[in-house]
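Inspection log for the structure reproduced underneath, given as structure tokens.
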Amino acid sequence: MDWKPIRKSPELQAVRPHLLDYEKTCAGFSWEAVRSELSGLPEGKGLNIAHEAVDRQAAGPLRDRLAFRWLGKDGAVQDFTFCDLKEQSSRFANVLKRLGVEKGERVFVLAGRIPPLYIAALGCLKNISVFCPLFSAFGPDPIRQRLSRGDARLLVTTERQYAKKIAGIRESLPQLRHVLLTDIDDDLDETVLSLPRLMAEASADFTIPPTDPEDMAVLHFTSGTTGMPKGAVLVHDAVLTHLVTGRYVMDFHSADIFWCTADPGWVTGSSYGIIAPLLHGITSIIDEADFDAERWYRILEEQRVTVWYTAPTAIRMLMRAAIEPLKRFDLSPLRLIHSVGEPLNPEAVVWGERVLGLPIHDNWWQTETGGIMIANYAAMEIRPGSMGRPLPGIEAAIVRRVDDSVDVLTEPDVEGDLALRPGWPSMFRAYLHDEERYRKCFVSGWYITGDLAKRDADGYYWFVGRGDDIIKTSGHMVGPFEVESALMEHPAVAEAGVIGKPEPIIGEIVKAFVCLKPGFEPTDKLRLELIGFGRTRLGSAVAPKEMEFVDSLPRTRSGKIMRRLLKARELGLPEGDTSTLETG
Ligand code: AMP
């Protein structure tokens, strides 16, 4: 079915969008002009995200404005003004200083969406240490991998997470000198300390040291097809992209109340759940609880949310819930809905308009880009199913790789690799300790994103699929290799191949094909045991939900598992080119 474009004239919108003339804005755009809008550290001492997001606001008229409203699972509410955030993040920065955590050293946070996570993020940026958030749903294996690859120097977590997931792996992490627990009053020992005690003892004054815009700021792990997770390094200069996308994509205006539903374990939750709204001096809602349709509509109503940033899995779950929101909830303040992370079905865009009274604006980016790169803007026609057009200041293209170079495909509607011209401020500067993998992402002056896409004659981009085996489940990237490696640690497993199997709500589910070692029978009992083993080791966000026993896995002659073939067989699709398949 062809979906009709959705056009809402700027005059009919409650607030006049910032980006009205796309071509003109692109033509007049310069990153240097954006840089000059930011105050920078006093006395020309550089550019620091936390200064721009918090201290600058706390020193001006927005000082007493609500910055974060935190809604606890159990009904508790905590409010933080810009001034509160300044003081608390300064305390945390002083805690880091006291414990000898230095510039560039990695501070990990493993926690749900609780206030200390947000305070730690900002305090860490002030100390020019590196903020590394982890999903709280990870099991011990992914956590150990990331702490170890990231040379974790300090970890902030809760008593429960510590006992369940960290205490047992602590010995294998010699660099991890301190663990701060958010919910104990007394230290456990000399290295496992009470964060509340340290915060109470710390001063609320902190002078941000000189910060080079190229200093490492945030480290997010993302999944690869081969090998273990990659740590994408973002730097303080990324703040320019957050400022621009906050204006042109999110269309923040001073009275906005913004709700980004993403967890900071994912880059959306740090770039847009923390940094971008603070930069624009607006109020953000943080909800600790997991998805619940009733709760979400209630939050939109009660908090009078005006701009909402969420993800396709959640939207599909809302579509399935038998609720007619406009009959039961007053959502009149809401003026913009954005989505990111997975393909957004055209049905969902149109559903938004019919059921919520607003279409859903899809946008595209990834951990490596640090900020939104392609978007459907408030004032522009939405083409349901399209990711939109490149951000002003971003040059995108569809390319085809030819040996060591690329051809740029200028014809419209041709499928190829989605590529971006390097040089935007939030572009990742490295995969930590993995220079070769980083270098391989750049070919002939283009960053190759790993996604396949098309561009239509009017410059709108359309997602086609991933160019690799990475799985997207509930918006979360899962690297098959990491799952296969964990399963192979079970004594019954000889080898495993893992794929993403399409699923209508969460996009894909993780499915494992397992070959058993001699002497093990493929029983239902063993299958359940292996599924349980996966959950314990990997955590619910990553573990396979389906498992099938097979006699052998298809491999290339060079020994690589052909996941593409496993997937084609699972879906009953043509097997494609199997010339490299090992036979016999
Ligand atoms: P992550 O680095 O975890 O944010 O994942 C980035 C990947 O998610 C992209 O490379 C895409 O494969 C996918 N993705 C993000 N946004 C979209 C979108 N709007 N449409 C389709 N896929 C998306």
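The way I read the labels, and the way they are meant: chains A, B, ... in the order of the structure tokens, residue 1 as the first residue of every chain, and ligand 1 as the first ligand shown, with later ones counted on from there.
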
Which residues of chain A come within 6 Å of ligand 1, and for each one, what is the closest pair of atoms and their distance in Å to one decimal, counting only C-alpha atoms and all ligand atoms, sorted by chain and residue number, as a tab-separated table?
```
residue	atom	partner	partner_atom_place_in_ligand_line	distance
A:Thr222	CA	ligand 1	2 (O)	5.9
A:Val340	CA	ligand 1	19 (N)	4.6
A:Gly341	CA	ligand 1	15 (C)	3.5
A:Glu342	CA	ligand 1	22 (N)	3.8
A:Pro343	CA	ligand 1	21 (C)	3.5
A:Asp362	CA	ligand 1	19 (N)	5.4
A:Asn363	CA	ligand 1	19 (N)	4.5
A:Trp364	CA	ligand 1	19 (N)	3.9
A:Trp365	CA	ligand 1	16 (N)	5.2
A:Gln366	CA	ligand 1	6 (C)	3.7
A:Thr367	CA	ligand 1	2 (O)	3.7
A:Met387	CA	ligand 1	19 (N)	5.3
A:Asp451	CA	ligand 1	12 (O)	5.5
A:Phe463	CA	ligand 1	21 (C)	5.4
A:Arg466	CA	ligand 1	12 (O)	5.4
A:His476	CA	ligand 1	3 (O)	5.8
A:Met477	CA	ligand 1	3 (O)	5.0
```

*For Arg535 of chain A, which of A:Met373, A:Ser405, A:Ala289, A:Phe138 is the closest residue, counting only C-alpha atoms?*
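For Arg535 of chain A, the nearest of the given residues is A:Phe138.
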
_Residues near segment 318-329 of chain A, anyone? I mean within 12 Å using only C-alpha atoms, not counting same-chain ones fewer than 4 positions away, as a PyMOL selection string._
chain A and resi 291-304+310-314+333-334+345+347-358+504-505

*Write out as a VMD selection string each polymer residue whose atoms come within 9 Å of Asp251 of chain A, counting only C-alpha atoms; drop sequence neighbours fewer than 3 positions from it.*
chain A and resid 17 to 19 245 to 248 307 336 377 to 378

*Using DSSP on the backbone coordinates, identify all residues within segment 55-302 of chain A classified as alpha helix (DSSP H); present the result as a ChimeraX atom specification.*
/A:56-58,82-98,115-126,140-149,159-161,195-201,239-248,267-270,276-279,293-302

Would you save the residues of that selection, restricted to C-alpha atoms, as a PDB file, in the first residue's frame?
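For reference, out36.pdb as written:
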```pdb
ATOM      1  CA  ARG A  56      25.729  27.886  32.390  1.00  0.00           C
ATOM      2  CA  GLN A  57      21.972  27.578  33.019  1.00  0.00           C
ATOM      3  CA  ALA A  58      22.385  27.654  36.797  1.00  0.00           C
ATOM      4  CA  PHE A  82      19.198  23.587  37.236  1.00  0.00           C
ATOM      5  CA  CYS A  83      20.719  24.894  40.452  1.00  0.00           C
ATOM      6  CA  ASP A  84      20.150  21.538  42.213  1.00  0.00           C
ATOM      7  CA  LEU A  85      21.775  19.727  39.297  1.00  0.00           C
ATOM      8  CA  LYS A  86      24.730  22.069  39.411  1.00  0.00           C
ATOM      9  CA  GLU A  87      25.288  21.475  43.121  1.00  0.00           C
ATOM     10  CA  GLN A  88      24.818  17.740  43.048  1.00  0.00           C
ATOM     11  CA  SER A  89      26.920  17.135  39.972  1.00  0.00           C
ATOM     12  CA  SER A  90      29.656  19.275  41.557  1.00  0.00           C
ATOM     13  CA  ARG A  91      29.494  17.090  44.654  1.00  0.00           C
ATOM     14  CA  PHE A  92      29.862  13.993  42.505  1.00  0.00           C
ATOM     15  CA  ALA A  93      32.798  15.528  40.641  1.00  0.00           C
ATOM     16  CA  ASN A  94      34.422  16.219  44.015  1.00  0.00           C
ATOM     17  CA  VAL A  95      33.818  12.588  45.042  1.00  0.00           C
ATOM     18  CA  LEU A  96      35.665  11.466  41.909  1.00  0.00           C
ATOM     19  CA  LYS A  97      38.480  13.862  42.650  1.00  0.00           C
ATOM     20  CA  ARG A  98      38.766  12.631  46.223  1.00  0.00           C
ATOM     21  CA  PRO A 115      18.583  10.085  40.090  1.00  0.00           C
ATOM     22  CA  PRO A 116      22.179   9.097  41.009  1.00  0.00           C
ATOM     23  CA  LEU A 117      22.700   7.909  37.421  1.00  0.00           C
ATOM     24  CA  TYR A 118      21.931  11.374  36.052  1.00  0.00           C
ATOM     25  CA  ILE A 119      23.980  13.133  38.726  1.00  0.00           C
ATOM     26  CA  ALA A 120      26.917  10.789  38.103  1.00  0.00           C
ATOM     27  CA  ALA A 121      26.730  11.436  34.343  1.00  0.00           C
ATOM     28  CA  LEU A 122      26.972  15.200  34.773  1.00  0.00           C
ATOM     29  CA  GLY A 123      29.542  15.064  37.580  1.00  0.00           C
ATOM     30  CA  CYS A 124      31.692  12.764  35.550  1.00  0.00           C
ATOM     31  CA  LEU A 125      31.646  15.159  32.584  1.00  0.00           C
ATOM     32  CA  LYS A 126      32.635  17.996  34.925  1.00  0.00           C
ATOM     33  CA  PRO A 140      27.273 -10.654  34.381  1.00  0.00           C
ATOM     34  CA  ASP A 141      28.839 -11.692  31.046  1.00  0.00           C
ATOM     35  CA  PRO A 142      28.070  -8.524  29.043  1.00  0.00           C
ATOM     36  CA  ILE A 143      28.880  -6.436  32.122  1.00  0.00           C
ATOM     37  CA  ARG A 144      32.292  -8.035  32.626  1.00  0.00           C
ATOM     38  CA  GLN A 145      33.100  -7.682  28.934  1.00  0.00           C
ATOM     39  CA  ARG A 146      32.318  -3.974  28.943  1.00  0.00           C
ATOM     40  CA  LEU A 147      33.951  -3.122  32.273  1.00  0.00           C
ATOM     41  CA  SER A 148      37.050  -4.925  31.184  1.00  0.00           C
ATOM     42  CA  ARG A 149      37.253  -3.533  27.640  1.00  0.00           C
ATOM     43  CA  GLU A 159      23.526  -2.866  46.424  1.00  0.00           C
ATOM     44  CA  ARG A 160      21.366  -5.466  44.708  1.00  0.00           C
ATOM     45  CA  GLN A 161      23.094  -5.219  41.310  1.00  0.00           C
ATOM     46  CA  LEU A 195      27.660   7.080  47.627  1.00  0.00           C
ATOM     47  CA  PRO A 196      25.210   8.997  49.880  1.00  0.00           C
ATOM     48  CA  ARG A 197      27.933   9.342  52.534  1.00  0.00           C
ATOM     49  CA  LEU A 198      30.520  10.533  50.033  1.00  0.00           C
ATOM     50  CA  MET A 199      28.059  12.995  48.493  1.00  0.00           C
ATOM     51  CA  ALA A 200      27.157  14.415  51.912  1.00  0.00           C
ATOM     52  CA  GLU A 201      30.833  14.943  52.712  1.00  0.00           C
ATOM     53  CA  VAL A 239      27.430  19.088  22.404  1.00  0.00           C
ATOM     54  CA  LEU A 240      27.168  21.086  19.147  1.00  0.00           C
ATOM     55  CA  THR A 241      25.145  18.319  17.522  1.00  0.00           C
ATOM     56  CA  HIS A 242      22.955  18.024  20.609  1.00  0.00           C
ATOM     57  CA  LEU A 243      22.254  21.749  20.469  1.00  0.00           C
ATOM     58  CA  VAL A 244      21.383  21.735  16.775  1.00  0.00           C
ATOM     59  CA  THR A 245      19.225  18.601  16.830  1.00  0.00           C
ATOM     60  CA  GLY A 246      17.445  19.865  19.952  1.00  0.00           C
ATOM     61  CA  ARG A 247      16.492  22.907  17.902  1.00  0.00           C
ATOM     62  CA  TYR A 248      15.814  21.549  14.425  1.00  0.00           C
ATOM     63  CA  VAL A 267      22.943   6.467  23.430  1.00  0.00           C
ATOM     64  CA  THR A 268      19.493   8.043  22.944  1.00  0.00           C
ATOM     65  CA  GLY A 269      19.071   8.093  26.707  1.00  0.00           C
ATOM     66  CA  SER A 270      22.314   9.999  27.253  1.00  0.00           C
ATOM     67  CA  ALA A 276      20.046  18.025  24.710  1.00  0.00           C
ATOM     68  CA  PRO A 277      17.076  19.158  26.834  1.00  0.00           C
ATOM     69  CA  LEU A 278      19.355  20.647  29.522  1.00  0.00           C
ATOM     70  CA  LEU A 279      21.248  22.560  26.853  1.00  0.00           C
ATOM     71  CA  ALA A 293       0.487   1.718  28.350  1.00  0.00           C
ATOM     72  CA  GLU A 294      -1.828   3.151  31.039  1.00  0.00           C
ATOM     73  CA  ARG A 295       1.075   4.615  32.988  1.00  0.00           C
ATOM     74  CA  TRP A 296       2.569   6.198  29.893  1.00  0.00           C
ATOM     75  CA  TYR A 297      -0.640   7.924  28.865  1.00  0.00           C
ATOM     76  CA  ARG A 298      -1.091   9.087  32.449  1.00  0.00           C
ATOM     77  CA  ILE A 299       2.411  10.569  32.485  1.00  0.00           C
ATOM     78  CA  LEU A 300       1.785  12.386  29.209  1.00  0.00           C
ATOM     79  CA  GLU A 301      -1.394  13.846  30.679  1.00  0.00           C
ATOM     80  CA  GLU A 302      -0.304  14.622  34.245  1.00  0.00           C
TER      81      GLU A 302
END
```

Pull the strand (DSSP E or B) assignments for segment 409-545 of chain A out of DSSP run on the backbone, and list those residues as a PDB file with C-alpha atoms, in the first residue's frame.
```
ATOM      1  CA  GLY A 416      23.045   0.788  -1.254  1.00  0.00           C
ATOM      2  CA  ASP A 417      25.071   1.508   1.874  1.00  0.00           C
ATOM      3  CA  LEU A 418      23.993   4.547   3.839  1.00  0.00           C
ATOM      4  CA  ALA A 419      27.098   6.709   4.231  1.00  0.00           C
ATOM      5  CA  LEU A 420      27.881  10.030   5.911  1.00  0.00           C
ATOM      6  CA  ALA A 430      37.418   5.784  18.094  1.00  0.00           C
ATOM      7  CA  TYR A 431      36.377   2.306  19.026  1.00  0.00           C
ATOM      8  CA  PHE A 442      35.804   4.822   6.645  1.00  0.00           C
ATOM      9  CA  VAL A 443      36.164   4.292   2.924  1.00  0.00           C
ATOM     10  CA  TRP A 446      32.854   8.358   3.739  1.00  0.00           C
ATOM     11  CA  TYR A 447      31.745   6.824   7.020  1.00  0.00           C
ATOM     12  CA  ILE A 448      29.893   3.613   6.126  1.00  0.00           C
ATOM     13  CA  THR A 449      27.068   3.196   8.627  1.00  0.00           C
ATOM     14  CA  GLY A 450      26.369  -0.531   8.219  1.00  0.00           C
ATOM     15  CA  ASP A 451      22.750   0.165   7.212  1.00  0.00           C
ATOM     16  CA  LEU A 452      21.267  -0.345   3.770  1.00  0.00           C
ATOM     17  CA  ALA A 453      18.934   2.377   2.550  1.00  0.00           C
ATOM     18  CA  LYS A 454      17.511   4.209  -0.473  1.00  0.00           C
ATOM     19  CA  ARG A 455      17.019   7.896  -1.204  1.00  0.00           C
ATOM     20  CA  TYR A 461      15.896   8.391   3.024  1.00  0.00           C
ATOM     21  CA  TRP A 462      14.232   4.992   3.390  1.00  0.00           C
ATOM     22  CA  PHE A 463      15.653   2.259   5.595  1.00  0.00           C
ATOM     23  CA  VAL A 464      16.094  -1.122   3.914  1.00  0.00           C
ATOM     24  CA  GLY A 465      17.889  -3.226   6.528  1.00  0.00           C
ATOM     25  CA  ARG A 466      21.174  -3.877   8.245  1.00  0.00           C
ATOM     26  CA  ILE A 471      20.069  -8.052  15.752  1.00  0.00           C
ATOM     27  CA  LYS A 472      17.707  -5.285  16.855  1.00  0.00           C
ATOM     28  CA  THR A 473      15.433  -6.528  19.590  1.00  0.00           C
ATOM     29  CA  HIS A 476      18.498  -2.951  21.519  1.00  0.00           C
ATOM     30  CA  MET A 477      21.510  -3.980  19.430  1.00  0.00           C
ATOM     31  CA  VAL A 478      22.621  -7.543  20.060  1.00  0.00           C
ATOM     32  CA  VAL A 493      27.065 -26.946  23.667  1.00  0.00           C
ATOM     33  CA  ALA A 494      29.501 -27.721  20.851  1.00  0.00           C
ATOM     34  CA  GLU A 495      28.655 -24.648  18.803  1.00  0.00           C
ATOM     35  CA  ALA A 496      25.923 -22.075  18.382  1.00  0.00           C
ATOM     36  CA  GLY A 497      24.655 -19.743  15.635  1.00  0.00           C
ATOM     37  CA  VAL A 498      22.443 -16.806  16.546  1.00  0.00           C
ATOM     38  CA  ILE A 499      20.082 -14.781  14.357  1.00  0.00           C
ATOM     39  CA  GLY A 500      17.330 -12.184  14.674  1.00  0.00           C
ATOM     40  CA  LYS A 501      13.938 -13.649  13.822  1.00  0.00           C
ATOM     41  CA  PRO A 502      11.356 -11.036  12.757  1.00  0.00           C
ATOM     42  CA  GLU A 503       8.638 -10.401  15.327  1.00  0.00           C
ATOM     43  CA  GLY A 507      11.209  -6.078  15.746  1.00  0.00           C
ATOM     44  CA  GLU A 508      13.295  -9.219  16.126  1.00  0.00           C
ATOM     45  CA  ILE A 509      13.737 -11.912  18.730  1.00  0.00           C
ATOM     46  CA  VAL A 510      17.095 -13.506  19.413  1.00  0.00           C
ATOM     47  CA  LYS A 511      17.033 -17.104  18.190  1.00  0.00           C
ATOM     48  CA  ALA A 512      19.852 -19.599  18.739  1.00  0.00           C
ATOM     49  CA  PHE A 513      20.661 -22.725  16.762  1.00  0.00           C
ATOM     50  CA  VAL A 514      22.666 -25.095  18.901  1.00  0.00           C
ATOM     51  CA  CYS A 515      24.753 -28.209  18.108  1.00  0.00           C
ATOM     52  CA  LEU A 516      25.260 -30.457  21.094  1.00  0.00           C
TER      53      LEU A 516
END
```

*Measure the distance from atom CA of His433 of chain A to atom CA of Asp403 of chain A in Å and round it to one decimal.*
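Atom CA of His433 of chain A sits 25.9 Å away from atom CA of Asp403 of chain A.
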
*asked:* Let me make sure I understand: among A:Leu71, A:Ala152, A:Ile398, A:Leu391, which one has the smallest atom-to-atom distance to Asp290 of chain A if we use only C-alpha atoms?
replied: A:Leu71

_Using only C-alpha atoms for the distances, tell me which of A:Arg35, A:Arg400, A:Lys24, A:Arg429 is nearest to Leu219 of chain A._
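Comparing A:Arg35, A:Arg400, A:Lys24, A:Arg429 against Leu219 of chain A, the winner is A:Arg429.
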
_Report, in Å with one decimal, the straight-line distance from atom CA of Tyr309 of chain A to atom CA of Gly60 of chain A._
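Atom-to-atom, atom CA of Tyr309 of chain A to atom CA of Gly60 of chain A, that is 27.3 Å.
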
_At a cut-off of 12 Å, using only C-alpha atoms, what residues contact Glu23 of chain A? Leave out same-chain residues fewer than 5 positions from it and give the result as JSON, numbers by chain._
{"A": [28, 29, 380, 389, 390, 391, 392, 393, 458, 459]}

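Atom to atom, atom CA of Gly139 of chain A and atom CA of Gly475 of chain A stand 17.8 Å apart.
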
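For Leu41 of chain A, the non-local neighbours within 9 Å, defined as residues at least 2 positions apart in the same chain or in other chains and counting only C-alpha atoms, are Ser39, Glu43, Gly44, Lys45, Gly46, Leu47, Asn48, His51, Glu52, Arg56, Ile208, Pro209, Pro210 and Thr211 of chain A.
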
*Near-Thr410 of chain A list (10 Å; only C-alpha atoms; drop same-chain fewer than 2 positions) as a ChimeraX atom specification*: /A:397-399,407-408,412-414,455,457
